[in-house]
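Text of final.cif (mmCIF, C-alpha atoms) as supplied:
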```
data_my_file
#
loop_
_atom_site.label_atom_id
_atom_site.label_comp_id
_atom_site.auth_asym_id
_atom_site.auth_seq_id
_atom_site.Cartn_x
_atom_site.Cartn_y
_atom_site.Cartn_z
CA MET S 335 -14.77 -8.04 42.52
CA ALA S 336 -15.39 -5.87 39.46
CA PHE S 337 -12.73 -3.45 38.24
CA ALA S 338 -13.40 0.17 39.22
CA VAL S 339 -14.30 2.47 36.34
CA GLU S 340 -12.03 5.51 36.43
CA VAL S 341 -11.87 8.88 34.73
CA ILE S 342 -9.14 8.93 32.08
CA PRO S 343 -6.97 12.04 32.46
CA ASP S 344 -6.22 14.15 29.38
CA ASN S 345 -2.51 13.31 29.56
CA ALA S 346 -3.05 9.54 29.58
CA ASN S 347 -1.30 7.47 26.91
CA LEU S 348 -3.64 5.11 25.09
CA PHE S 349 -2.05 2.21 23.20
CA ARG S 350 -3.63 0.93 20.01
CA LYS S 351 -2.37 -2.28 18.41
CA ILE S 352 -2.01 -2.06 14.63
CA HIS S 353 -2.83 -5.15 12.60
CA ARG S 354 -0.22 -6.03 9.96
CA SER S 355 -2.75 -5.39 7.17
CA HIS S 356 -2.93 -1.77 8.37
CA TYR S 357 0.80 -1.22 8.29
CA ASP S 358 2.58 -0.15 5.12
CA GLU S 359 5.96 -1.81 5.46
CA LYS S 360 7.33 -0.06 2.37
CA LYS S 361 6.79 3.41 3.79
CA GLY S 362 6.59 2.53 7.46
CA GLY S 363 3.20 4.17 7.86
CA VAL S 364 -0.02 3.26 9.60
CA SER S 365 -3.31 3.31 7.70
CA SER S 366 -6.12 5.56 8.87
CA ALA S 367 -8.32 2.47 8.43
CA ALA S 368 -6.97 1.35 11.81
CA PHE S 369 -8.81 4.25 13.49
CA LYS S 370 -12.31 3.96 12.04
CA GLN S 371 -14.27 2.05 14.64
CA GLU S 372 -17.07 3.96 16.35
CA ARG S 373 -15.94 2.38 19.64
CA MET S 374 -12.20 1.99 19.21
CA SER S 375 -10.40 -0.24 21.73
CA VAL S 376 -7.15 0.98 23.28
CA ASN S 377 -5.17 0.18 26.43
CA TRP S 378 -4.47 2.74 29.15
CA ASP S 379 -0.78 2.89 30.00
CA LYS S 380 -1.63 2.97 33.71
CA TYR S 381 -2.39 -0.75 33.53
CA LYS S 382 -0.74 -2.09 30.37
CA SER S 383 2.49 -1.43 28.48
CA ALA S 384 2.83 -0.89 24.74
CA ASN S 385 4.64 -4.21 24.47
CA ASP S 386 1.79 -6.05 26.20
CA SER S 387 -0.76 -4.34 23.95
CA ALA S 388 0.59 -6.10 20.84
CA ASP S 389 -0.56 -9.54 19.74
CA ALA S 390 0.71 -12.11 17.23
CA ASN S 391 -0.82 -10.20 14.30
CA SER S 392 0.40 -6.76 15.31
CA ALA S 393 2.89 -4.87 13.14
CA ALA S 394 3.05 -1.94 15.54
CA VAL S 395 1.54 -0.31 18.60
CA VAL S 396 0.79 3.41 18.52
CA ALA S 397 0.12 5.82 21.36
CA LEU S 398 -2.66 8.39 21.36
CA ILE S 399 -3.08 11.09 24.01
CA ALA S 400 -6.55 11.08 25.61
CA GLY S 401 -6.83 14.86 25.37
CA ASP S 402 -6.04 14.78 21.64
CA CYS S 403 -8.87 12.30 21.11
CA ARG S 404 -11.28 14.53 23.06
CA GLY S 405 -10.20 17.43 20.87
CA LEU S 406 -11.49 15.49 17.87
CA GLU S 407 -15.05 15.22 19.19
CA GLN S 408 -14.42 11.82 20.75
CA THR S 409 -15.22 10.63 24.26
CA VAL S 410 -12.73 8.49 26.15
CA GLU S 411 -14.35 5.85 28.35
CA HIS S 412 -12.69 3.44 30.74
CA THR S 413 -14.37 0.10 29.97
CA PRO S 414 -12.39 -2.58 31.86
CA ILE S 415 -13.10 -6.14 30.79
CA GLU S 416 -13.89 -8.59 33.57
CA PRO S 417 -12.31 -12.07 33.69
CA ASP S 418 -15.56 -13.78 32.66
CA GLN S 419 -16.09 -11.56 29.57
CA PRO S 420 -14.74 -12.16 26.04
CA PHE S 421 -11.15 -10.87 25.68
CA GLY S 422 -10.94 -10.47 29.49
CA PRO S 423 -9.57 -9.77 31.93
CA ASN S 424 -8.24 -6.40 30.87
CA GLN S 425 -8.29 -3.60 33.42
CA ALA S 426 -6.54 -1.31 30.91
CA HIS S 427 -9.33 -1.44 28.33
CA VAL S 428 -10.55 1.97 27.18
CA GLU S 429 -12.79 2.93 24.28
CA VAL S 430 -12.41 6.05 22.15
CA CYS S 431 -16.00 6.68 21.11
CA GLY S 432 -17.52 8.83 18.42
CA ASN S 433 -18.08 9.24 14.72
CA LYS S 434 -14.83 8.68 12.83
CA SER S 435 -16.09 9.40 9.37
CA ARG S 436 -14.45 11.86 6.98
CA ALA S 437 -11.18 13.27 8.30
CA ILE S 438 -11.39 12.22 11.97
CA SER S 439 -9.65 8.87 11.44
CA GLN S 440 -6.88 10.59 9.45
CA GLN S 441 -6.37 13.10 12.26
CA LEU S 442 -6.19 10.32 14.84
CA ARG S 443 -3.62 8.56 12.65
CA ASP S 444 -1.59 11.76 12.27
CA ARG S 445 -1.55 12.34 16.04
CA ALA S 446 -0.56 8.75 16.83
CA THR S 447 3.06 7.97 17.69
CA THR S 448 4.55 4.57 17.00
CA VAL S 449 5.86 3.20 20.30
CA TRP S 450 6.34 -0.49 19.47
CA PRO S 451 8.45 -1.44 17.74
CA LYS S 452 10.14 1.87 18.42
CA GLU S 453 10.67 4.17 15.45
CA PRO S 454 14.35 4.26 14.51
CA ALA S 455 16.11 7.49 15.46
CA VAL S 456 16.66 9.74 12.43
CA MET C 619 -23.83 -24.95 -5.66
CA SER C 620 -23.91 -23.35 -2.20
CA ALA C 621 -23.86 -19.60 -1.60
CA ALA C 622 -20.47 -19.97 0.09
CA THR C 623 -19.05 -21.75 -2.97
CA ILE C 624 -20.40 -19.06 -5.29
CA ALA C 625 -18.94 -16.32 -3.09
CA GLU C 626 -15.58 -18.11 -3.00
CA SER C 627 -15.62 -18.47 -6.77
CA ALA C 628 -16.45 -14.76 -7.23
CA LYS C 629 -13.58 -13.82 -4.93
CA ARG C 630 -11.18 -16.05 -6.87
CA THR C 631 -12.29 -14.46 -10.12
CA THR C 632 -11.65 -11.00 -8.67
CA VAL C 633 -8.12 -11.99 -7.67
CA GLU C 634 -7.53 -13.40 -11.15
CA THR C 635 -8.68 -10.17 -12.82
CA ALA C 636 -5.93 -8.36 -10.92
CA ALA C 637 -3.35 -10.08 -13.13
CA ALA C 638 -2.71 -6.87 -15.07
CA LEU C 639 -1.60 -5.03 -11.92
CA PRO C 640 1.96 -4.88 -10.52
CA ALA C 641 3.01 -7.93 -8.52
CA SER C 642 3.02 -6.18 -5.14
CA LEU C 643 -0.58 -5.02 -5.64
CA ARG C 644 -1.65 -8.49 -6.78
CA LEU C 645 -0.17 -9.93 -3.61
CA LYS C 646 -2.01 -7.39 -1.46
CA ILE C 647 -5.30 -8.09 -3.23
CA HIS C 648 -4.76 -11.79 -2.65
CA GLU C 649 -4.18 -11.08 1.06
CA LEU C 650 -7.32 -8.94 1.28
CA ALA C 651 -9.40 -11.64 -0.38
CA ALA C 652 -8.10 -14.19 2.11
CA LEU C 653 -9.08 -12.28 5.27
CA GLU C 654 -11.41 -14.35 7.43
CA PRO C 655 -14.16 -13.10 9.77
CA GLY C 656 -12.50 -11.78 12.93
CA TRP C 657 -9.18 -11.21 11.13
CA ASP C 658 -8.32 -8.46 13.63
CA GLY C 659 -8.62 -10.89 16.53
CA GLU C 660 -12.02 -9.42 17.36
CA ARG C 661 -15.07 -8.78 15.18
CA ALA C 662 -13.77 -7.50 11.82
CA GLN C 663 -15.63 -8.60 8.70
CA PRO C 664 -14.00 -10.14 5.62
CA VAL C 665 -13.64 -7.87 2.60
CA LYS C 666 -16.80 -7.80 0.49
CA THR C 667 -16.20 -9.41 -2.91
CA GLN C 668 -17.93 -6.64 -4.86
CA VAL C 669 -15.88 -3.96 -3.09
CA LEU C 670 -12.66 -5.76 -3.91
CA ALA C 671 -13.76 -6.13 -7.54
CA ASP C 672 -14.47 -2.38 -7.74
CA VAL C 673 -11.06 -1.57 -6.28
CA VAL C 674 -9.29 -3.90 -8.73
CA GLU C 675 -11.17 -2.44 -11.69
CA THR C 676 -10.45 1.12 -10.56
CA LEU C 677 -6.73 0.43 -10.16
CA LYS C 678 -6.57 -1.24 -13.57
CA ARG C 679 -8.19 1.79 -15.18
CA LEU C 680 -5.93 4.18 -13.31
CA SER C 681 -2.82 2.25 -14.32
CA ARG C 682 -3.90 2.28 -17.98
CA GLN C 683 -4.84 5.95 -18.06
CA THR C 684 -1.95 7.55 -16.21
CA ASP C 685 1.65 7.92 -17.34
CA HIS C 686 3.30 7.17 -14.02
CA PHE C 687 1.02 4.92 -12.04
CA ARG C 688 1.62 5.23 -8.32
CA GLU C 689 0.76 2.10 -6.40
CA PRO C 690 -1.49 2.76 -3.43
CA PHE C 691 -1.31 0.99 -0.10
CA LEU C 692 -4.50 -1.06 0.24
CA ALA C 693 -6.04 -1.46 3.68
CA PRO C 694 -9.14 -3.35 4.80
CA THR C 695 -11.67 -1.59 6.99
CA PHE C 696 -13.23 -3.41 9.93
CA ASP C 697 -16.66 -3.44 8.22
CA GLY C 698 -15.55 -5.21 5.04
CA PHE C 699 -14.60 -2.30 2.81
CA VAL C 700 -11.21 -1.30 1.35
CA GLN C 701 -9.24 1.92 1.42
CA MET C 702 -6.68 3.03 -1.20
CA GLU C 703 -3.95 5.27 0.20
CA TRP C 704 -1.28 7.34 -1.49
CA ARG C 705 1.46 9.28 0.33
CA GLU C 706 3.53 11.95 -1.35
CA ASP C 707 5.91 14.48 0.20
CA LYS C 708 3.37 17.26 0.61
CA ARG C 709 0.04 15.58 -0.04
CA SER C 710 -1.72 12.38 0.81
CA LEU C 711 -4.95 10.89 -0.43
CA ASP C 712 -7.15 8.20 1.09
CA ILE C 713 -10.07 6.94 -0.98
CA GLU C 714 -12.34 4.53 0.84
CA ALA C 715 -15.06 2.41 -0.68
CA VAL C 716 -18.18 3.05 1.42
CA ASP C 717 -21.83 1.99 1.17
CA THR C 718 -22.73 5.05 -0.90
CA GLY C 719 -19.72 5.07 -3.24
CA TRP C 720 -16.27 6.53 -2.54
CA SER C 721 -15.21 8.76 0.33
CA ALA C 722 -12.02 10.77 -0.23
CA VAL C 723 -9.82 12.60 2.27
CA GLY C 724 -6.93 14.66 0.96
CA THR C 725 -4.33 16.17 3.25
CA GLU C 726 -1.66 18.74 2.51
CA MET C 727 0.74 20.85 4.48
CA GLY C 728 -0.40 24.42 4.83
CA PRO C 729 1.38 27.53 6.05
CA GLU C 730 3.39 27.13 9.25
CA GLY C 731 3.39 23.37 8.78
CA ARG C 732 -0.25 22.94 9.72
CA ARG C 733 -1.91 20.00 8.02
CA GLN C 734 -5.10 20.76 6.09
CA TYR C 735 -7.81 18.13 5.65
CA HIS C 736 -10.23 18.09 2.71
CA THR C 737 -13.11 15.67 2.19
CA ALA C 738 -15.42 14.66 -0.64
CA GLU C 739 -17.82 11.86 -1.51
CA PHE C 740 -18.91 10.62 -4.90
CA GLU C 741 -20.56 7.67 -6.64
CA ARG C 742 -18.76 4.37 -7.16
CA ASN C 743 -19.15 4.57 -10.97
CA ASN C 744 -17.74 8.11 -11.21
CA PHE C 745 -14.27 7.15 -12.39
CA ALA C 746 -13.60 10.58 -13.91
CA ARG C 747 -13.94 12.19 -10.48
CA LEU C 748 -11.78 9.58 -8.83
CA LYS C 749 -9.10 10.14 -11.46
CA LYS C 750 -9.19 13.86 -10.73
CA PHE C 751 -8.47 13.18 -7.06
CA TYR C 752 -5.57 10.98 -8.08
CA GLN C 753 -4.24 13.82 -10.27
CA TRP C 754 -4.67 16.27 -7.38
CA LEU C 755 -2.11 14.21 -5.48
CA SER C 756 0.61 15.17 -7.95
CA GLY C 757 -0.59 18.77 -8.18
CA SER C 758 -1.93 18.45 -11.71
CA ALA C 759 -5.58 19.04 -10.81
CA SER C 760 -7.22 21.63 -8.62
CA LEU C 761 -9.96 20.32 -6.35
CA TRP C 762 -9.72 21.96 -2.99
CA PRO C 763 -8.59 25.48 -2.13
CA SER C 764 -4.85 25.68 -1.59
CA PRO C 765 -3.91 26.47 2.02
#
```

Could you render the structure as structure tokens?
Amino acid sequence: MAFAVEVIPDNANLFRKIHRSHYDEKKGGVSSAAFKQERMSVNWDKYKSANDSADANSAAVVALIAGDCRGLEQTVEHTPIEPDQPFGPNQAHVEVCGNKSRAISQQLRDRATTVWPKEPAV
Amino acid sequence: MSAATIAESAKRTTVETAAALPASLRLKIHELAALEPGWDGERAQPVKTQVLADVVETLKRLSRQTDHFREPFLAPTFDGFVQMEWREDKRSLDIEAVDTGWSAVGTEMGPEGRRQYHTAEFERNNFARLKKFYQWLSGSASLWPSP
């Protein structure tokens, strides 16, 4: 049975894994290059944790708020991946869609919060 | 000689020309050159050799022509380009190699702590303009209206 496609609420947390080549270890920052894809894959926290969103090449996982993404002229689409599809199954799969040229990717980066590994308390 | 061999040789040459750069940048350039197709675990492209060569040349010129060279963080984009990123206390600058040249985004803190975003695009061979953006980072050049 196929996964149901749901509406993502504005307050949903969306986890984005950050590849180690997009993570500046010296300064502890994430590159805006990690947020440039026209259809950017994220995981909805309803179905997947930040920890489970990381893979062997991840330096971090960041959280974006769905409503923040919509505020940057993006659409947020629930696109679950079925077991017989590449990278499936993944019921949590969501895509943040839209043009990310110019300053949009920087604004997504600036709104993202590192949730794994957790940022040390200051 | 196959096209793949020629491409590999060109990439090796690019890495070798980075010898004049600081060791940490050389290491990063080596890592960028070594990225394979699908390096993100999905569909990312390897860094284009010509793009990497342009980035190396630009950094060499910047390091020669500025008193206190600030090393950027270098990041690959998913479509085979490279982005140079500088972070300072109040300003940041991302310059990305794109199909049409360079695309720059500068950010700075405005009144009430609101971040301002400025954008510009220019040709790949316009080093003078790129240098001006780099100088803007330290406040020694005026490019965008102050917030």

* To do: Identify every residue of chain S that has at least one atom within 10 Å of any atom of chain C, counting all atoms listed in the file, and report the result as a count of residues only.
  => 34

* Could you list as a list in words every residue that has an atom within 8 Å of (-24.3, 4.8, -5.7), using the file's coordinates and counting only C-alpha atoms? ->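 Collected hits near the coordinates: Asp717, Thr718, Gly719, Phe740, Glu741, Arg742 and Asn743 of chain C.
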
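Between CA of Val395 in chain S and CA of Trp450 in chain S lies a distance of 4.9 Å.
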
* **Ground truth for the PyMOL selection byres ((chain S and resi 340) around 9), written as JSON, numbers by chain** => {"S": [338, 339, 341, 342, 411, 412, 413]}

* **Atomic separation - CA of Glu689 in chain C relative to CA of Val633 in chain C, Å** =>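 Computing it gives 16.7 Å between the two atoms.
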
* **Residues in the PyMOL selection byres ((chain S and resi 408) around 9), expressed as a PyMOL selection string** => chain S and resi 402-407+409-410+430-434

* Result set, the PyMOL selection byres ((chain S and resi 399) around 8) on current file, as a list in words ->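 So the PyMOL selection byres ((chain S and resi 399) around 8), applied here, picks out Asp344, Asn345, Ala346, Asn347, Leu348, Ala397, Leu398, Ala400, Gly401, Asp402, Cys403 and Ala446 of chain S.
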
* Taking into account all atoms listed in the file, which residue in the set C:Leu677, C:Ala625, C:Val669, C:Val716 is nearest to Ala637 in chain C? -> C:Leu677

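Counting all atoms listed in the file and comparing S:Val376, S:Arg350, S:Thr447, S:Gly362, the residue that lies closest to Pro414 in chain S is S:Val376.
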
Counting all atoms listed in the file, note down every residue that has an atom within 12 Å of the point (-11.8, -13.6, -3.9) (file coordinates), as a PDB file with C-alpha atoms, in the coordinates of the input.
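Resulting contents of part_26.pdb:
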```pdb
ATOM      1  CA  ALA C 622     -20.470 -19.970   0.090  1.00  0.00           C
ATOM      2  CA  THR C 623     -19.050 -21.750  -2.970  1.00  0.00           C
ATOM      3  CA  ILE C 624     -20.400 -19.060  -5.290  1.00  0.00           C
ATOM      4  CA  ALA C 625     -18.940 -16.320  -3.090  1.00  0.00           C
ATOM      5  CA  GLU C 626     -15.580 -18.110  -3.000  1.00  0.00           C
ATOM      6  CA  SER C 627     -15.620 -18.470  -6.770  1.00  0.00           C
ATOM      7  CA  ALA C 628     -16.450 -14.760  -7.230  1.00  0.00           C
ATOM      8  CA  LYS C 629     -13.580 -13.820  -4.930  1.00  0.00           C
ATOM      9  CA  ARG C 630     -11.180 -16.050  -6.870  1.00  0.00           C
ATOM     10  CA  THR C 631     -12.290 -14.460 -10.120  1.00  0.00           C
ATOM     11  CA  THR C 632     -11.650 -11.000  -8.670  1.00  0.00           C
ATOM     12  CA  VAL C 633      -8.120 -11.990  -7.670  1.00  0.00           C
ATOM     13  CA  GLU C 634      -7.530 -13.400 -11.150  1.00  0.00           C
ATOM     14  CA  THR C 635      -8.680 -10.170 -12.820  1.00  0.00           C
ATOM     15  CA  ALA C 636      -5.930  -8.360 -10.920  1.00  0.00           C
ATOM     16  CA  ARG C 644      -1.650  -8.490  -6.780  1.00  0.00           C
ATOM     17  CA  LYS C 646      -2.010  -7.390  -1.460  1.00  0.00           C
ATOM     18  CA  ILE C 647      -5.300  -8.090  -3.230  1.00  0.00           C
ATOM     19  CA  HIS C 648      -4.760 -11.790  -2.650  1.00  0.00           C
ATOM     20  CA  GLU C 649      -4.180 -11.080   1.060  1.00  0.00           C
ATOM     21  CA  LEU C 650      -7.320  -8.940   1.280  1.00  0.00           C
ATOM     22  CA  ALA C 651      -9.400 -11.640  -0.380  1.00  0.00           C
ATOM     23  CA  ALA C 652      -8.100 -14.190   2.110  1.00  0.00           C
ATOM     24  CA  LEU C 653      -9.080 -12.280   5.270  1.00  0.00           C
ATOM     25  CA  GLU C 654     -11.410 -14.350   7.430  1.00  0.00           C
ATOM     26  CA  PRO C 664     -14.000 -10.140   5.620  1.00  0.00           C
ATOM     27  CA  VAL C 665     -13.640  -7.870   2.600  1.00  0.00           C
ATOM     28  CA  LYS C 666     -16.800  -7.800   0.490  1.00  0.00           C
ATOM     29  CA  THR C 667     -16.200  -9.410  -2.910  1.00  0.00           C
ATOM     30  CA  GLN C 668     -17.930  -6.640  -4.860  1.00  0.00           C
ATOM     31  CA  VAL C 669     -15.880  -3.960  -3.090  1.00  0.00           C
ATOM     32  CA  LEU C 670     -12.660  -5.760  -3.910  1.00  0.00           C
ATOM     33  CA  ALA C 671     -13.760  -6.130  -7.540  1.00  0.00           C
ATOM     34  CA  VAL C 674      -9.290  -3.900  -8.730  1.00  0.00           C
TER      35      VAL C 674
END
```
